[in-house]
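Asker: My structure file model.csv, CSV, C-alpha atoms, is below:
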chain,number,residue,atom,x,y,z
P,30,MET,CA,-120.7,67.3,79.6
P,31,LYS,CA,-117.8,68.9,77.7
P,32,SER,CA,-115.2,66.5,76.2
P,33,SER,CA,-112.5,68.1,78.4
P,34,ASP,CA,-114.6,67.4,81.5
P,35,LYS,CA,-115.1,63.8,80.5
P,36,GLU,CA,-111.4,63.4,79.9
P,37,LEU,CA,-110.6,64.8,83.3
P,38,ASN,CA,-113.1,62.4,84.9
P,39,TYR,CA,-111.4,59.5,83.2
P,40,SER,CA,-108.0,60.7,84.4
P,41,VAL,CA,-109.2,61.0,88.0
P,42,ASP,CA,-110.9,57.6,87.8
P,43,HIS,CA,-107.8,56.0,86.3
P,44,ALA,CA,-105.7,57.2,89.2
P,45,LEU,CA,-108.3,55.8,91.6
P,46,CYS,CA,-108.3,52.5,89.8
P,47,GLN,CA,-104.6,52.2,90.5
P,48,GLU,CA,-105.0,53.1,94.1
P,49,ILE,CA,-107.8,50.5,94.6
P,50,ALA,CA,-105.7,47.8,92.8
P,51,LEU,CA,-102.9,48.3,95.3
P,52,THR,CA,-105.3,48.1,98.4
P,53,GLU,CA,-105.7,44.6,99.7
P,54,ASP,CA,-108.2,45.3,102.5
P,55,PRO,CA,-111.7,45.4,101.1
P,56,GLN,CA,-113.0,47.3,104.1
P,57,GLU,CA,-110.4,50.1,103.5
P,58,ILE,CA,-111.6,50.3,99.9
P,59,LEU,CA,-115.3,50.6,101.0
P,60,PHE,CA,-114.4,53.3,103.6
P,61,SER,CA,-112.5,55.3,101.1
P,62,LEU,CA,-115.2,55.1,98.4
P,63,PHE,CA,-118.2,55.9,100.6
P,64,LYS,CA,-116.3,58.7,102.4
P,65,ARG,CA,-115.3,60.3,99.1
P,66,PHE,CA,-118.5,59.7,97.0
P,67,ASN,CA,-121.2,59.4,99.6
P,68,GLU,CA,-124.6,58.6,97.9
P,69,ARG,CA,-122.9,58.5,94.5
P,70,ALA,CA,-121.4,55.2,95.4
P,71,ALA,CA,-123.5,52.0,96.0
P,72,ILE,CA,-123.2,48.3,96.7
P,73,VAL,CA,-125.3,46.6,94.1
P,74,THR,CA,-126.2,43.0,95.2
P,75,SER,CA,-128.8,40.3,94.9
P,76,GLY,CA,-128.2,39.3,98.5
P,77,GLN,CA,-125.6,36.6,97.7
P,78,LEU,CA,-122.7,35.8,99.9
P,79,SER,CA,-120.2,38.3,98.5
P,80,GLY,CA,-122.7,41.1,98.6
P,81,MET,CA,-123.5,40.3,102.2
P,82,VAL,CA,-119.8,40.4,103.1
P,83,LEU,CA,-119.6,43.9,101.5
P,84,ILE,CA,-122.7,45.1,103.4
P,85,HIS,CA,-121.3,43.8,106.7
P,86,LEU,CA,-117.9,45.5,106.1
P,87,ALA,CA,-119.5,48.8,105.1
P,88,ALA,CA,-121.7,48.7,108.2
P,89,GLU,CA,-118.7,48.2,110.4
P,90,ASN,CA,-117.2,51.4,108.9
P,91,GLN,CA,-120.0,53.4,110.5
P,92,LEU,CA,-120.4,55.6,107.5
P,93,PRO,CA,-123.7,56.1,105.7
P,94,PHE,CA,-123.7,53.8,102.7
P,95,ARG,CA,-126.1,53.0,99.8
P,96,VAL,CA,-127.2,49.5,98.9
P,97,CYS,CA,-129.3,48.6,95.7
P,98,THR,CA,-130.7,45.5,94.3
P,99,LEU,CA,-132.2,44.7,90.9
P,100,ASP,CA,-135.8,43.5,91.4
P,101,THR,CA,-136.7,41.8,88.1
P,102,LEU,CA,-140.2,41.2,89.5
P,103,ARG,CA,-139.4,37.4,89.2
P,104,LEU,CA,-137.2,36.9,92.2
P,105,PHE,CA,-137.6,34.0,94.7
P,106,PRO,CA,-140.1,34.7,97.6
P,107,GLU,CA,-137.2,33.7,99.9
P,108,THR,CA,-135.1,36.5,98.4
P,109,TYR,CA,-137.7,39.2,99.0
P,110,THR,CA,-138.0,38.0,102.6
P,111,PHE,CA,-134.3,37.8,103.1
P,112,LEU,CA,-133.7,41.3,101.9
P,113,GLU,CA,-136.2,42.6,104.5
P,114,GLN,CA,-134.2,40.7,107.2
P,115,VAL,CA,-130.9,42.3,105.9
P,116,GLU,CA,-132.5,45.7,106.2
P,117,ALA,CA,-133.5,45.0,109.8
P,118,ARG,CA,-130.1,43.5,110.7
P,119,TYR,CA,-128.1,46.5,109.5
P,120,GLY,CA,-130.5,49.3,109.8
P,121,ILE,CA,-130.5,50.2,106.1
P,122,GLN,CA,-133.0,50.5,103.3
P,123,ILE,CA,-132.2,48.5,100.2
P,124,GLU,CA,-133.2,50.3,97.0
P,125,GLN,CA,-135.1,47.9,94.8
P,126,ILE,CA,-134.6,48.9,91.1
P,127,GLN,CA,-137.3,47.5,88.9
P,128,PRO,CA,-137.8,47.3,85.1
P,129,ASP,CA,-139.9,49.7,83.2
P,130,PRO,CA,-143.5,48.2,83.3
P,131,GLN,CA,-144.2,49.3,79.7
P,132,GLU,CA,-141.1,47.6,78.4
P,133,VAL,CA,-141.9,44.4,80.3
P,134,ASN,CA,-145.5,44.4,79.0
P,135,GLN,CA,-144.4,45.0,75.4
P,136,MET,CA,-141.8,42.2,75.7
P,137,VAL,CA,-144.4,39.7,77.1
P,138,THR,CA,-147.0,40.7,74.5
P,139,GLU,CA,-144.5,40.2,71.6
P,140,HIS,CA,-142.7,37.1,72.8
P,141,GLY,CA,-144.7,35.5,75.6
P,142,GLU,CA,-144.1,35.3,79.3
P,143,TYR,CA,-141.6,32.5,79.0
P,144,LEU,CA,-139.6,33.7,76.0
P,145,PHE,CA,-136.3,32.7,77.7
P,146,PHE,CA,-137.0,29.1,76.9
P,147,ASP,CA,-137.1,29.8,73.1
P,148,SER,CA,-133.5,30.8,72.5
P,149,LYS,CA,-130.4,32.3,74.1
P,150,ALA,CA,-131.1,35.5,72.2
P,151,LYS,CA,-134.6,35.8,73.8
P,152,GLN,CA,-133.1,35.0,77.2
P,153,GLU,CA,-130.7,37.8,76.7
P,154,HIS,CA,-133.5,40.1,75.6
P,155,CYS,CA,-135.5,39.3,78.8
P,156,CYS,CA,-132.4,39.9,80.9
P,157,ASN,CA,-131.8,43.2,79.1
P,158,ILE,CA,-135.3,44.4,79.9
P,159,ARG,CA,-135.4,43.2,83.5
P,160,LYS,CA,-131.8,43.8,84.6
P,161,VAL,CA,-129.5,45.6,82.2
P,162,ARG,CA,-131.7,48.6,81.4
P,163,PRO,CA,-132.7,49.1,85.0
P,164,MET,CA,-129.0,49.0,85.9
P,165,GLN,CA,-128.2,51.5,83.2
P,166,ARG,CA,-130.8,53.9,84.8
P,167,LEU,CA,-129.3,53.3,88.2
P,168,LEU,CA,-125.8,54.1,86.9
P,169,GLU,CA,-127.0,57.6,86.0
P,170,THR,CA,-127.2,58.2,89.7
P,171,LEU,CA,-123.7,56.7,90.5
P,172,ASP,CA,-120.1,57.4,90.1
P,173,VAL,CA,-119.0,54.1,91.8
P,174,TRP,CA,-120.7,50.7,91.3
P,175,ILE,CA,-119.5,48.2,93.9
P,176,THR,CA,-120.0,44.6,93.1
P,177,GLY,CA,-119.4,41.2,94.7
P,178,LEU,CA,-117.8,39.7,91.6
P,179,ARG,CA,-115.0,37.2,92.2
P,180,HIS,CA,-112.5,35.4,90.0
P,181,ASP,CA,-113.5,31.9,91.2
P,182,GLN,CA,-117.2,32.3,90.2
P,183,SER,CA,-116.6,31.4,86.5
P,184,ASP,CA,-114.0,31.2,83.8
P,185,ALA,CA,-115.4,34.3,82.2
P,186,ARG,CA,-114.8,36.3,85.4
P,187,GLN,CA,-111.2,35.4,85.9
P,188,GLN,CA,-110.1,38.2,83.6
P,189,LEU,CA,-111.9,40.9,85.6
P,190,ARG,CA,-109.9,43.6,87.4
P,191,LYS,CA,-110.6,44.9,90.9
P,192,ALA,CA,-111.4,48.4,89.6
P,193,ASP,CA,-112.3,49.4,86.0
P,194,ILE,CA,-113.9,52.3,84.2
P,195,ILE,CA,-117.1,51.8,82.4
P,196,SER,CA,-119.4,54.3,80.6
P,197,SER,CA,-123.0,54.9,81.5
P,198,THR,CA,-125.2,56.8,79.2
P,199,THR,CA,-124.1,60.1,80.7
P,200,HIS,CA,-120.7,59.7,82.4
P,201,PRO,CA,-117.8,57.4,83.3
P,202,VAL,CA,-118.4,55.1,86.3
P,203,LEU,CA,-115.9,53.3,88.4
P,204,LYS,CA,-116.8,49.6,88.8
P,205,VAL,CA,-115.1,48.1,91.9
P,206,SER,CA,-115.0,44.5,93.0
P,207,PRO,CA,-113.3,44.6,96.5
P,208,LEU,CA,-113.6,40.8,97.0
P,209,LEU,CA,-112.3,39.8,93.5
P,210,GLN,CA,-109.5,37.5,94.8
P,211,TRP,CA,-111.4,35.9,97.6
P,212,THR,CA,-112.3,32.2,97.3
P,213,THR,CA,-115.6,30.6,98.1
P,214,ASP,CA,-114.1,29.0,101.2
P,215,GLU,CA,-112.8,32.4,102.4
P,216,VAL,CA,-116.2,34.0,101.9
P,217,TRP,CA,-118.0,31.3,103.8
P,218,GLN,CA,-115.5,31.4,106.6
P,219,PHE,CA,-115.9,35.2,107.0
P,220,VAL,CA,-119.7,34.8,106.9
P,221,ARG,CA,-119.7,32.1,109.6
P,222,GLU,CA,-117.2,33.9,111.8
P,223,ASN,CA,-119.2,37.1,111.7
P,224,GLU,CA,-122.7,35.5,111.8
P,225,ILE,CA,-123.7,37.3,108.6
P,226,PRO,CA,-127.2,36.5,107.4
P,227,VAL,CA,-127.4,34.0,104.6
P,228,ASN,CA,-130.2,33.5,102.1
P,229,PRO,CA,-131.6,30.0,103.0
P,230,LEU,CA,-131.5,29.1,99.3
P,231,LEU,CA,-127.7,29.2,99.4
P,232,GLU,CA,-127.5,26.5,102.1
P,233,ALA,CA,-127.1,22.9,101.0
P,234,ASP,CA,-130.3,20.7,101.3
P,235,THR,CA,-130.6,17.1,102.4
P,236,HIS,CA,-129.4,16.0,98.9
P,237,ASP,CA,-126.3,18.3,99.2
P,238,GLN,CA,-127.7,20.6,96.5
P,239,HIS,CA,-127.6,24.4,96.8
P,240,TYR,CA,-128.0,27.6,94.8
P,241,GLU,CA,-124.6,29.0,94.0
P,242,SER,CA,-126.1,32.1,92.3
P,243,LEU,CA,-129.5,33.7,92.7
P,244,GLY,CA,-131.5,35.2,89.9
P,245,CYS,CA,-135.0,34.9,88.7
P,246,ILE,CA,-137.1,32.0,90.1
P,247,ILE,CA,-137.4,30.1,86.8
P,248,CYS,CA,-134.0,30.8,85.4
P,249,THR,CA,-132.0,29.7,88.5
P,250,THR,CA,-131.8,26.1,89.7
P,251,PRO,CA,-129.6,24.5,92.4
P,252,ILE,CA,-126.3,22.8,91.5
P,253,LYS,CA,-125.0,19.4,92.6
P,254,PRO,CA,-121.6,18.7,94.0
P,255,GLY,CA,-118.9,19.0,91.3
P,256,GLU,CA,-120.9,21.2,88.9
P,257,PRO,CA,-119.6,24.6,87.8
P,258,LYS,CA,-120.9,27.5,89.9
P,259,ARG,CA,-122.9,28.9,87.0
P,260,ALA,CA,-124.4,25.5,86.0
P,261,GLY,CA,-127.7,26.4,87.7
P,262,ARG,CA,-128.4,29.4,85.5
P,263,TRP,CA,-130.6,28.8,82.4
P,264,ARG,CA,-129.9,25.0,82.7
P,265,TRP,CA,-131.8,24.3,79.5
P,266,GLN,CA,-129.0,26.1,77.6
P,267,ASN,CA,-126.2,23.7,78.9
P,268,ALA,CA,-123.8,23.0,76.0
P,269,PRO,CA,-120.6,20.9,75.8
P,270,SER,CA,-118.7,23.9,74.7
P,271,SER,CA,-117.9,26.4,77.4
P,272,GLU,CA,-117.4,29.0,74.7
P,273,GLU,CA,-121.0,28.6,73.7
P,274,ASN,CA,-122.2,28.5,77.3
P,275,THR,CA,-121.0,31.6,79.1
P,276,LYS,CA,-123.9,31.6,81.5
P,277,GLU,CA,-124.1,35.4,81.8
P,278,CYS,CA,-127.1,37.7,81.8
P,279,GLY,CA,-125.2,40.5,80.2
P,280,LEU,CA,-125.2,42.8,83.2
P,281,HIS,CA,-121.5,42.7,83.7
P,282,TYR,CA,-120.5,42.4,80.0
P,283,SER,CA,-122.8,44.7,78.1
P,284,ILE,CA,-122.5,47.8,80.4
Can I see the file as structure tokens?
Answerer:
Amino acid sequence: MKSSDKELNYSVDHALCQEIALTEDPQEILFSLFKRFNERAAIVTSGQLSGMVLIHLAAENQLPFRVCTLDTLRLFPETYTFLEQVEARYGIQIEQIQPDPQEVNQMVTEHGEYLFFDSKAKQEHCCNIRKVRPMQRLLETLDVWITGLRHDQSDARQQLRKADIISSTTHPVLKVSPLLQWTTDEVWQFVRENEIPVNPLLEADTHDQHYESLGCIICTTPIKPGEPKRAGRWRWQNAPSSEENTKECGLHYSI
């Protein structure tokens, strides 16, 4: 890619960022993106509530749309089953992006299968192999990465913008979060009113515990009432300082 071409792409994307920022209706945002970019735009979701709302809205637009998920090879059995149910409900095929088997084998050989218990650095290394690098490969096929990120999910996410420009290894990519300003209550209300499928892990159990976020089966635990939404991730890393305990895998901060 020539430098002039890259600058032109950034200019076009910057204008689109402004347009998206001024558009309140998430369905209108999705319609515009999939109509313009077709298969070069994708909803990337682990099947959590926000991602399901995006899939539902995109399906209502009656345009072809692409959905991808990062299969770390360590997801909950309920998640794999749920993704199949989502495919059947909306008549779509969810692309499951997996890590490089050689990279996984080398990591396990060098550090052990449960390296994430040793230190935050090794947890981040595992997430990098299983999530970040596969996402980087996926971004090579995309111009638009659509996420379910929301401001109320964590303190770290309150500074996010509805549309932003990031760089893949080959080109600029527009990262869009159409539901950024929705609250948890608003998401649940929309899900209930539209009978959108919900991963059973996200429903409260008899002890009023539930999974607020869904990742790998060992690294994600349910949270109790009053706990922060990210408290269930890597619970053994809980620290009194929120600055030391950002509870992020690096997917949305290292790309």
Asker: Would you please work out which residue, of P:Val96, P:Met81, P:Ile72, P:Ala192, is nearest to P:Thr176 when using only C-alpha atoms?
Answerer: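 Going through P:Val96, P:Met81, P:Ile72, P:Ala192 one by one, the smallest distance to P:Thr176 is for P:Ile72.
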Asker: Between P:Leu178, P:Leu230, P:Cys97, P:Ile225, which one has atoms that come closest to P:Met164, using only C-alpha atoms?
Answerer: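 With only C-alpha atoms as the atom set, the closest residue is P:Cys97.
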Asker: As an exercise, work out the distance from atom CA of P:Asn157 to atom CA of P:Val137 in Å and give it to one decimal place.
Answerer: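 Straight-line distance from atom CA of P:Asn157 to atom CA of P:Val137 works out to 13.2 Å.
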Asker: Work out how far apart atom CA of P:Asp193 and atom CA of P:Leu62 are and give it in Å to one decimal.
Answerer: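 Value for the atom CA of P:Asp193-atom CA of P:Leu62 distance: 14.0 Å.
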Asker: I want to know what sits within 6 Å of stretch 195-210 of chain P, based on only C-alpha atoms, with residues of the same chain fewer than 6 positions away left out; could you give that as a CSV table (one decimal) with C-alpha atoms, keeping the file's coordinate frame?
Answerer:
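Saved result, result-v7.csv, follows:
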chain,number,residue,atom,x,y,z
P,55,PRO,CA,-111.7,45.4,101.1
P,172,ASP,CA,-120.1,57.4,90.1
P,173,VAL,CA,-119.0,54.1,91.8
P,174,TRP,CA,-120.7,50.7,91.3
P,175,ILE,CA,-119.5,48.2,93.9
P,176,THR,CA,-120.0,44.6,93.1
P,177,GLY,CA,-119.4,41.2,94.7
P,178,LEU,CA,-117.8,39.7,91.6
P,179,ARG,CA,-115.0,37.2,92.2
P,180,HIS,CA,-112.5,35.4,90.0
Asker: Report as a count of residues only all protein, DNA and RNA residues lying within 9 Å of stretch 125-128 of chain P, evaluated on only C-alpha atoms, omitting residues in the same chain fewer than 2 positions from it.
Answerer: 20
Asker: Have a look at P:Ser79, P:Glu232, P:Phe60, P:Ala150 and name the one nearest to P:Glu215; count only C-alpha atoms.
Answerer: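 Among the listed residues, P:Ser79 lies closest to P:Glu215.
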Asker: Excluding same-chain residues fewer than 5 positions from P:Ser61, what lies within 10 Å of it counting all atoms listed in the file, as a ChimeraX atom specification?
Answerer: /P:49,55-56,66-67,90
Asker: Go ahead and write the selection's residues with C-alpha atoms as a PDB file, in the coordinates of the input.
Answerer:
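Dumped to part.pdb:
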ATOM      1  CA  ILE P  49    -107.800  50.500  94.600  1.00  0.00           C
ATOM      2  CA  PRO P  55    -111.700  45.400 101.100  1.00  0.00           C
ATOM      3  CA  GLN P  56    -113.000  47.300 104.100  1.00  0.00           C
ATOM      4  CA  PHE P  66    -118.500  59.700  97.000  1.00  0.00           C
ATOM      5  CA  ASN P  67    -121.200  59.400  99.600  1.00  0.00           C
ATOM      6  CA  ASN P  90    -117.200  51.400 108.900  1.00  0.00           C
TER       7      ASN P  90
END
Asker: Find the residues near stretch 91-94 of chain P: any atom within 10 Å, counting only C-alpha atoms, skip ones fewer than 4 places away on the same chain, and give them as a list in words.
Answerer: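 What passes the distance filter is Leu59, Phe60, Leu62, Phe63, Lys64, Phe66, Asn67, Glu68, Arg69, Ala70, Ala71, Ile72, Ile84, Leu86, Ala87, Ile121 and Gln122 of chain P.
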Asker: Might you pull out every residue within 9 Å of P:Val227, with all atoms listed in the file counted and same-chain residues fewer than 6 positions away left off, and present them as a ChimeraX atom specification?
Answerer: /P:76-78,81,111,220
Asker: At most 7 Å from (-140.0, 28.6, 84.2), file frame, only C-alpha atoms: which residues, as a PyMOL selection string?
Answerer: chain P and resi 143+247-248
Asker: What's the separation between atom CA of P:Asp184 and atom CA of P:His239, in Å to one decimal place?
Answerer: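 Between these atoms lies a distance of 20.0 Å.
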Asker: Taking only C-alpha atoms into account, which of P:Trp263, P:Leu112, P:Glu222, P:Glu89 comes nearest P:Glu124?
Answerer: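 Nearest to P:Glu124: P:Leu112.
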Asker: Would you be able to write out as a VMD selection string which residues have an atom within 8 Å of (-126.4, 32.8, 90.6) in the file's coordinates, counting all atoms listed in the file?
Answerer: chain P and resid 240 to 244 249 258 to 259 261 to 262
Asker: Check the smallest atom-to-atom distance from each of P:Ala44, P:Pro226, P:Cys155, P:Glu113 to P:Asn134 using only C-alpha atoms, then report the winner.
Answerer: P:Cys155
